[in-house]
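A.B. asks: Data: protein_37.txt, compact mmCIF, C-alpha atoms.
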```txt
# COMPACT_ATOMS: atom_id res chain seq x y z
CA MET A 1 0.00 0.00 0.00
CA PHE A 2 2.03 3.09 -0.77
CA GLY A 3 -0.33 5.11 -2.78
CA VAL A 4 -3.49 3.53 -1.49
CA ASP A 5 -2.57 -0.13 -1.29
CA PHE A 6 0.50 -0.96 0.82
CA SER A 7 0.99 -4.23 -1.08
CA ILE A 8 3.04 -2.41 -3.73
CA LEU A 9 5.76 -1.93 -1.11
CA GLY A 10 6.56 -5.58 -0.64
CA SER A 11 6.34 -7.79 2.00
CA GLY A 12 20.54 8.34 21.01
CA ARG A 13 22.30 11.09 21.70
CA SER A 14 22.15 14.73 20.61
CA VAL A 15 24.47 15.41 17.68
CA GLN A 16 26.45 18.62 17.58
CA PRO A 17 28.26 20.22 14.64
CA ALA A 18 31.68 18.80 13.87
CA ALA A 19 34.59 20.29 15.76
CA ALA A 20 36.68 20.54 12.61
CA PRO A 21 34.46 22.10 9.90
CA VAL A 22 35.10 21.30 6.27
CA PRO A 23 36.18 24.35 4.25
CA LYS A 24 33.41 25.75 2.08
CA ALA A 25 33.78 26.34 -1.61
CA ALA A 26 34.14 30.00 -2.52
CA PRO A 27 30.84 31.01 -4.17
CA ASP A 28 32.62 32.93 -6.93
CA GLU A 29 35.22 30.24 -7.63
CA ALA A 30 33.29 28.17 -10.14
CA GLY A 31 29.64 28.84 -9.46
CA GLU A 32 27.17 26.27 -8.22
CA SER A 33 28.51 23.47 -10.39
CA GLY A 34 31.96 24.04 -8.98
CA ALA A 35 30.58 24.03 -5.44
CA TRP A 36 29.00 20.61 -6.00
CA SER A 37 32.17 19.24 -7.61
CA MET A 38 34.29 20.51 -4.74
CA LEU A 39 31.90 19.02 -2.19
CA VAL A 40 32.02 15.58 -3.82
CA SER A 41 35.81 15.75 -4.00
CA GLU A 42 36.08 16.71 -0.34
CA ILE A 43 33.80 13.84 0.70
CA ALA A 44 36.02 11.43 -1.24
CA ALA A 45 39.16 12.85 0.40
CA CYS A 46 37.73 13.12 3.93
CA ARG A 47 39.72 11.46 6.74
CA GLU A 48 37.95 13.12 9.68
CA CYS A 49 36.82 9.76 11.11
CA GLY A 50 37.91 6.16 10.61
CA LEU A 51 35.07 5.03 8.35
CA TRP A 52 37.05 5.82 5.19
CA LYS A 53 39.43 2.95 6.00
CA GLY A 54 36.82 0.26 5.42
CA ARG A 55 34.78 1.76 2.62
CA LYS A 56 34.84 0.85 -1.05
CA ASN A 57 33.25 4.09 -2.19
CA PRO A 58 32.01 7.23 -0.48
CA VAL A 59 28.31 7.85 -1.07
CA PRO A 60 27.67 11.60 -1.37
CA GLY A 61 24.05 11.56 -2.57
CA ASN A 62 22.19 12.14 -5.82
CA GLY A 63 19.03 13.49 -7.39
CA ASP A 64 17.65 16.89 -8.32
CA GLU A 65 20.10 19.47 -6.98
CA HIS A 66 17.24 22.01 -6.77
CA ALA A 67 14.62 19.66 -5.33
CA GLU A 68 11.89 20.93 -3.03
CA LEU A 69 11.99 17.57 -1.25
CA MET A 70 15.10 16.00 0.28
CA PHE A 71 15.41 12.58 1.95
CA VAL A 72 18.13 12.00 4.52
CA GLY A 73 18.92 8.50 5.74
CA GLU A 74 21.38 7.07 8.21
CA ALA A 75 24.41 5.69 6.35
CA PRO A 76 25.26 3.62 3.27
CA GLY A 77 24.89 -0.15 3.33
CA ALA A 78 26.77 -2.80 1.40
CA ASP A 79 25.00 -2.16 -1.92
CA GLU A 80 25.51 1.57 -1.60
CA ASP A 81 29.16 1.14 -0.64
CA ALA A 82 29.71 -1.00 -3.74
CA SER A 83 27.98 1.41 -6.13
CA GLY A 84 28.72 4.79 -4.59
CA LEU A 85 25.00 5.65 -4.84
CA PRO A 86 22.50 6.11 -1.99
CA PHE A 87 19.54 3.80 -1.37
CA VAL A 88 20.06 1.22 -4.12
CA GLY A 89 19.49 -1.97 -2.08
CA LYS A 90 16.19 -3.40 -0.86
CA ALA A 91 15.54 -0.39 1.35
CA GLY A 92 16.25 1.84 -1.63
CA GLN A 93 13.76 -0.05 -3.76
CA LEU A 94 11.15 0.54 -1.09
CA LEU A 95 12.09 4.21 -0.94
CA ASP A 96 11.56 4.41 -4.71
CA ARG A 97 8.04 3.04 -4.24
CA MET A 98 7.39 5.51 -1.43
CA ILE A 99 8.47 8.37 -3.69
CA ALA A 100 6.35 7.02 -6.55
CA ALA A 101 3.35 6.82 -4.23
CA MET A 102 3.78 10.54 -3.66
CA GLY A 103 3.49 11.11 -7.41
CA LEU A 104 7.20 11.85 -7.86
CA THR A 105 10.21 10.11 -9.35
CA ARG A 106 13.60 9.55 -7.78
CA GLU A 107 15.02 12.11 -10.21
CA GLN A 108 12.73 14.81 -8.78
CA VAL A 109 14.02 14.58 -5.20
CA TYR A 110 17.45 14.67 -3.58
CA VAL A 111 18.59 11.65 -1.55
CA THR A 112 21.55 11.43 0.80
CA ASN A 113 22.64 10.10 4.19
CA SER A 114 23.85 11.67 7.41
CA VAL A 115 27.09 9.72 7.06
CA LYS A 116 28.73 9.29 3.66
CA CYS A 117 30.78 6.11 4.32
CA ARG A 118 29.49 2.67 5.32
CA PRO A 119 29.96 1.79 9.00
CA PRO A 120 31.32 -1.73 9.65
CA GLU A 121 28.61 -4.40 9.53
CA ASN A 122 26.04 -1.66 8.87
CA ARG A 123 26.10 -0.60 12.51
CA THR A 124 24.58 2.71 13.58
CA PRO A 125 27.03 5.59 13.05
CA GLU A 126 28.68 6.82 16.22
CA PRO A 127 28.47 10.50 17.24
CA PRO A 128 32.06 11.36 16.18
CA GLU A 129 31.35 9.88 12.74
CA THR A 130 28.09 11.77 12.38
CA ASN A 131 29.76 14.96 13.57
CA ALA A 132 32.57 14.57 11.04
CA CYS A 133 30.04 14.34 8.19
CA ARG A 134 27.69 17.04 9.46
CA PRO A 135 29.35 19.89 7.50
CA PHE A 136 28.86 17.92 4.27
CA LEU A 137 25.15 17.50 4.98
CA ASP A 138 24.83 21.18 5.88
CA ARG A 139 26.43 22.16 2.58
CA GLN A 140 24.15 19.84 0.63
CA ARG A 141 21.15 21.45 2.28
CA ALA A 142 22.47 24.91 1.48
CA LEU A 143 22.94 23.99 -2.18
CA VAL A 144 19.64 22.16 -2.65
CA THR A 145 17.58 24.54 -0.46
CA PRO A 146 14.68 22.08 -0.05
CA LYS A 147 11.34 23.15 1.36
CA VAL A 148 10.88 19.83 3.18
CA ILE A 149 13.40 17.28 4.44
CA VAL A 150 12.22 13.78 5.32
CA ALA A 151 14.44 12.29 8.02
CA LEU A 152 14.44 8.53 7.52
CA GLY A 153 14.92 6.91 10.91
CA ALA A 154 16.10 8.01 14.34
CA PRO A 155 19.80 8.61 13.53
CA ALA A 156 18.92 10.96 10.67
CA ALA A 157 16.33 12.74 12.80
CA ARG A 158 18.83 13.20 15.62
CA THR A 159 21.43 14.55 13.23
CA LEU A 160 19.02 17.06 11.70
CA LEU A 161 17.16 18.06 14.84
CA GLY A 162 19.62 17.40 17.67
CA ARG A 163 16.86 15.79 19.73
CA GLU A 164 17.04 12.78 22.03
CA GLU A 165 13.66 11.17 21.32
CA GLY A 166 13.27 8.01 19.31
CA ILE A 167 11.61 7.94 15.91
CA THR A 168 8.26 6.80 17.33
CA ALA A 169 8.05 10.00 19.39
CA LEU A 170 9.32 12.27 16.62
CA ARG A 171 7.58 10.97 13.53
CA GLY A 172 4.46 12.47 12.03
CA ARG A 173 5.06 16.12 12.86
CA PHE A 174 7.01 18.92 11.26
CA PHE A 175 9.96 20.65 12.87
CA ASP A 176 10.93 24.04 11.48
CA GLN A 177 14.65 24.34 10.91
CA GLY A 178 15.90 27.35 9.01
CA SER A 179 14.17 27.59 5.65
CA ALA A 180 13.16 23.91 5.66
CA ARG A 181 10.56 21.86 7.48
CA VAL A 182 11.78 18.48 8.73
CA MET A 183 9.43 15.47 8.85
CA PRO A 184 10.85 12.44 10.67
CA THR A 185 9.47 9.04 9.67
CA TYR A 186 10.50 5.39 9.67
CA HIS A 187 13.51 4.25 7.67
CA PRO A 188 12.58 1.98 4.73
CA ALA A 189 14.79 -0.78 6.19
CA TYR A 190 12.68 -0.65 9.37
CA LEU A 191 9.50 -0.85 7.30
CA LEU A 192 10.80 -3.97 5.57
CA ARG A 193 11.20 -5.59 8.98
CA ASN A 194 7.96 -4.13 10.36
CA PRO A 195 5.42 -3.93 7.52
CA GLY A 196 2.66 -3.09 9.98
CA LYS A 197 4.20 0.39 10.32
CA LYS A 198 3.81 1.24 6.62
CA ALA A 199 0.43 2.87 7.17
CA GLU A 200 1.97 5.28 9.68
CA ALA A 201 4.80 6.11 7.28
CA TRP A 202 2.31 6.74 4.49
CA GLY A 203 0.43 9.11 6.78
CA ASP A 204 3.67 11.02 7.34
CA LEU A 205 4.31 11.25 3.60
CA LYS A 206 0.79 12.50 2.95
CA LYS A 207 1.53 15.40 5.32
CA VAL A 208 4.66 16.13 3.27
CA MET A 209 2.60 16.03 0.07
CA LYS A 210 0.13 18.51 1.53
CA GLU A 211 2.95 20.79 2.66
CA LEU A 212 4.43 20.80 -0.86
CA GLY A 213 1.07 21.05 -2.61
CA LEU A 214 1.52 17.70 -4.34
CA PRO A 215 -1.63 16.11 -5.80
CA GLY A 216 -0.21 12.60 -5.50
CA PRO A 217 -0.02 9.94 -8.19
CA VAL A 218 -2.34 10.02 -11.18
CA ALA A 219 -3.70 7.17 -13.26
CA GLY A 220 -1.00 5.40 -15.20
CA ARG A 221 1.86 6.61 -12.98
CA PRO A 222 3.82 4.37 -10.60
CA GLY A 223 2.19 4.13 -7.19
CA ALA A 224 -1.24 5.13 -8.44
```
Take the structure I supplied and represent it as structure tokens, if you would.

C.D. replies:
Amino acid sequence: MFGVDFSILGSGRSVQPAAAPVPKAAPDEAGESGAWSMLVSEIAACRECGLWKGRKNPVPGNGDEHAELMFVGEAPGADEDASGLPFVGKAGQLLDRMIAAMGLTREQVYVTNSVKCRPPENRTPEPPETNACRPFLDRQRALVTPKVIVALGAPAARTLLGREEGITALRGRFFDQGSARVMPTYHPAYLLRNPGKKAEAWGDLKKVMKELGLPGPVAGRPGA
């Protein structure tokens, strides 16, 4: 049920800004394109925490660089580490169906993670790792300037909001943060393990759709 029928989906601590901020690209150096290129290069070269030692590829993020809607997850998994792209495994396939149920395509949103390198054994990122990557996420937000950010799971919500509550307490309501509104909801990987929570996640996404003035899927489009 993501759209109307969920069957199409298939069966901490407060985080503070990193102590050592990543240098920002000069706005007049090469324009916006240069700022994105510099950001990707700096993510690839980053050694601020130890995660780079075990990664195959950094996973900066991808999608519409001027999207009104941004999704932020926790960290790359094995499939993402192998490809260098965010949300390409089973959880990513579910995220694609969630986006389609909203009447959008993956190319119309921007998708990234709080942490850009895969933690060992897909464990939850530790605060120093999240802090080290925080400047990268802040710069992505500044470049995309989304109206709404969907925080997928508790680690992403804590990174974005700096709040202690779990995802069950945070989900389903907007938090104003700068020029964006943040909507925490369940991570797709959690929904794969707990399909009974998909209805709640869909309710969260419908609030996002209303906030953005989205009509939802139409006949003949994925997720309709």

A.B. asks: Of the candidates A:Thr145, A:Asn122, A:Ser179, A:Thr185, which shows the shortest atom-to-atom distance to A:Met98, using all atoms listed in the file?

C.D. replies: A:Thr185

A.B. asks: Which is closer to A:Leu143 than all the others in A:Ala44, A:Leu85, A:Val111, A:Ala67, using only C-alpha atoms?

C.D. replies: A:Ala67

A.B. asks: A:Asp138, A:Asp96, A:Glu211, A:Asp81: which is nearest A:Arg173, counting all atoms listed in the file?

C.D. replies: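 Result for the nearest residue to A:Arg173: A:Glu211.
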
A.B. asks: Given the point (16.1, 23.6, -8.2) in the file's coordinates, find the residues that have an atom at most 12 Å from it, counting all atoms listed in the file, and give them as a ChimeraX atom specification.

C.D. replies: /A:32,63-70,107-110,141-147

A.B. asks: Nearest to A:Lys198 among A:Glu121, A:Pro155, A:Leu170, A:Leu95, with distances taken over all atoms listed in the file: which residue is it?

C.D. replies: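 Counting all atoms listed in the file, the residue closest to A:Lys198 is A:Leu95.
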
A.B. asks: When distances are computed from all atoms listed in the file, which of A:Val59, A:Ala169, A:Ala75, A:Leu51 shows the smallest separation from A:Ala189?

C.D. replies: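 Among the listed residues, A:Ala75 lies closest to A:Ala189.
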
A.B. asks: Mind checking which residues fall within 10 Å of A:Lys56, counting only C-alpha atoms, ignoring those fewer than 6 positions away in the same chain, and posting them as a ChimeraX atom specification?

C.D. replies: /A:78,80-84,117-118

A.B. asks: Mind pulling up the distance from atom CA of A:Asp204 to atom CA of A:Leu104?

C.D. replies: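 So the answer is 15.6 Å.
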
A.B. asks: Name the residues in contact with A:Ala154 at a cut-off of 12 Å, using all atoms listed in the file, excluding same-chain residues fewer than 6 positions from it; report them as JSON, numbers by chain.

C.D. replies: {"A": [12, 13, 14, 15, 72, 73, 74, 75, 114, 124, 125, 160, 161, 162, 163, 164, 165, 166, 167, 168, 169, 170, 171, 183, 184, 185, 186, 187, 188, 190]}

A.B. asks: How many Å lie between atom CA of A:Arg181 and atom CA of A:Lys207, rounded to one decimal?

C.D. replies: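 Distance reported for this atom pair: 11.3 Å.
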
A.B. asks: Which one of A:Val150, A:Ala132, A:Met102, A:Ala201 sits closest to A:Gly213 if you count all atoms listed in the file?

C.D. replies: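 That would be A:Met102, the residue with the smallest distance to A:Gly213.
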
A.B. asks: Between atom CA of A:Ala35 and atom CA of A:Leu137, measure the distance and give it in Å to one decimal.

C.D. replies: 13.4 Å

A.B. asks: Which residues are close to A:Lys90, i.e. within 9 Å by only C-alpha atoms, leaving aside same-chain residues fewer than 2 positions away? Reply as a PDB file with C-alpha atoms, in the frame of the given file.

C.D. replies:
```
ATOM      1  CA  ASP A  79      25.000  -2.160  -1.920  1.00  0.00           C
ATOM      2  CA  PHE A  87      19.540   3.800  -1.370  1.00  0.00           C
ATOM      3  CA  VAL A  88      20.060   1.220  -4.120  1.00  0.00           C
ATOM      4  CA  GLY A  92      16.250   1.840  -1.630  1.00  0.00           C
ATOM      5  CA  GLN A  93      13.760  -0.050  -3.760  1.00  0.00           C
ATOM      6  CA  LEU A  94      11.150   0.540  -1.090  1.00  0.00           C
ATOM      7  CA  LEU A  95      12.090   4.210  -0.940  1.00  0.00           C
ATOM      8  CA  PRO A 188      12.580   1.980   4.730  1.00  0.00           C
ATOM      9  CA  ALA A 189      14.790  -0.780   6.190  1.00  0.00           C
ATOM     10  CA  LEU A 192      10.800  -3.970   5.570  1.00  0.00           C
TER      11      LEU A 192
END
```

A.B. asks: Edge lengths and centre, in Å to one decimal, as AutoDock Vina command-line options: that's what I need for the box along x, y and z that holds all listed atoms of stretch 204-217 of chain A plus 4 Å on each side.

C.D. replies:
```
--center_x 1.5 --center_y 15.5 --center_z -0.4 --size_x 14.3 --size_y 19.1 --size_z 23.5
```

A.B. asks: May I have the residues within 10 Å of A:Ser41 as a ChimeraX atom specification, using all atoms listed in the file and disregarding those fewer than 5 positions away in the same chain?

C.D. replies: /A:35-36,46,58,60

A.B. asks: Starting from the incomplete input, reconstruct N, CA, C and O atoms of stretch 144-157 of chain A and report them as an mmCIF file, in the frame of the given file.

C.D. replies:
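Result went into part_3.cif, see below:
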```cif
data_model
loop_
_atom_site.group_PDB
_atom_site.id
_atom_site.type_symbol
_atom_site.label_atom_id
_atom_site.label_comp_id
_atom_site.auth_asym_id
_atom_site.auth_seq_id
_atom_site.Cartn_x
_atom_site.Cartn_y
_atom_site.Cartn_z
ATOM 1 N N VAL A 144 20.948 22.607 -2.157
ATOM 2 C CA VAL A 144 19.640 22.160 -2.650
ATOM 3 C C VAL A 144 18.538 23.145 -2.248
ATOM 4 O O VAL A 144 17.618 23.408 -3.021
ATOM 5 N N THR A 145 18.609 23.682 -1.056
ATOM 6 C CA THR A 145 17.580 24.540 -0.460
ATOM 7 C C THR A 145 16.188 23.921 -0.556
ATOM 8 O O THR A 145 15.270 24.502 -1.129
ATOM 9 N N PRO A 146 15.997 22.724 0.013
ATOM 10 C CA PRO A 146 14.680 22.080 -0.050
ATOM 11 C C PRO A 146 13.672 22.782 0.846
ATOM 12 O O PRO A 146 14.041 23.430 1.836
ATOM 13 N N LYS A 147 12.403 22.647 0.495
ATOM 14 C CA LYS A 147 11.340 23.150 1.360
ATOM 15 C C LYS A 147 11.058 22.169 2.496
ATOM 16 O O LYS A 147 10.729 22.574 3.611
ATOM 17 N N VAL A 148 11.153 20.875 2.186
ATOM 18 C CA VAL A 148 10.880 19.830 3.180
ATOM 19 C C VAL A 148 12.008 18.808 3.140
ATOM 20 O O VAL A 148 12.484 18.429 2.064
ATOM 21 N N ILE A 149 12.436 18.371 4.311
ATOM 22 C CA ILE A 149 13.400 17.280 4.440
ATOM 23 C C ILE A 149 12.724 16.157 5.198
ATOM 24 O O ILE A 149 12.199 16.366 6.298
ATOM 25 N N VAL A 150 12.726 14.962 4.632
ATOM 26 C CA VAL A 150 12.220 13.780 5.320
ATOM 27 C C VAL A 150 13.403 13.067 5.956
ATOM 28 O O VAL A 150 14.319 12.626 5.263
ATOM 29 N N ALA A 151 13.391 12.994 7.278
ATOM 30 C CA ALA A 151 14.440 12.290 8.020
ATOM 31 C C ALA A 151 14.024 10.836 8.165
ATOM 32 O O ALA A 151 13.033 10.534 8.829
ATOM 33 N N LEU A 152 14.778 9.949 7.539
ATOM 34 C CA LEU A 152 14.440 8.530 7.520
ATOM 35 C C LEU A 152 15.127 7.824 8.688
ATOM 36 O O LEU A 152 16.310 7.493 8.639
ATOM 37 N N GLY A 153 14.391 7.617 9.764
ATOM 38 C CA GLY A 153 14.920 6.910 10.910
ATOM 39 C C GLY A 153 15.469 7.830 11.988
ATOM 40 O O GLY A 153 15.738 9.014 11.771
ATOM 41 N N ALA A 154 15.669 7.238 13.177
ATOM 42 C CA ALA A 154 16.100 8.010 14.340
ATOM 43 C C ALA A 154 17.474 8.660 14.174
ATOM 44 O O ALA A 154 17.639 9.835 14.533
ATOM 45 N N PRO A 155 18.494 7.953 13.650
ATOM 46 C CA PRO A 155 19.800 8.610 13.530
ATOM 47 C C PRO A 155 19.760 9.856 12.651
ATOM 48 O O PRO A 155 20.371 10.874 12.982
ATOM 49 N N ALA A 156 19.036 9.787 11.530
ATOM 50 C CA ALA A 156 18.920 10.960 10.670
ATOM 51 C C ALA A 156 18.167 12.078 11.372
ATOM 52 O O ALA A 156 18.532 13.260 11.283
ATOM 53 N N ALA A 157 17.097 11.727 12.081
ATOM 54 C CA ALA A 157 16.330 12.740 12.800
ATOM 55 C C ALA A 157 17.167 13.403 13.877
ATOM 56 O O ALA A 157 17.113 14.627 14.066
#
```
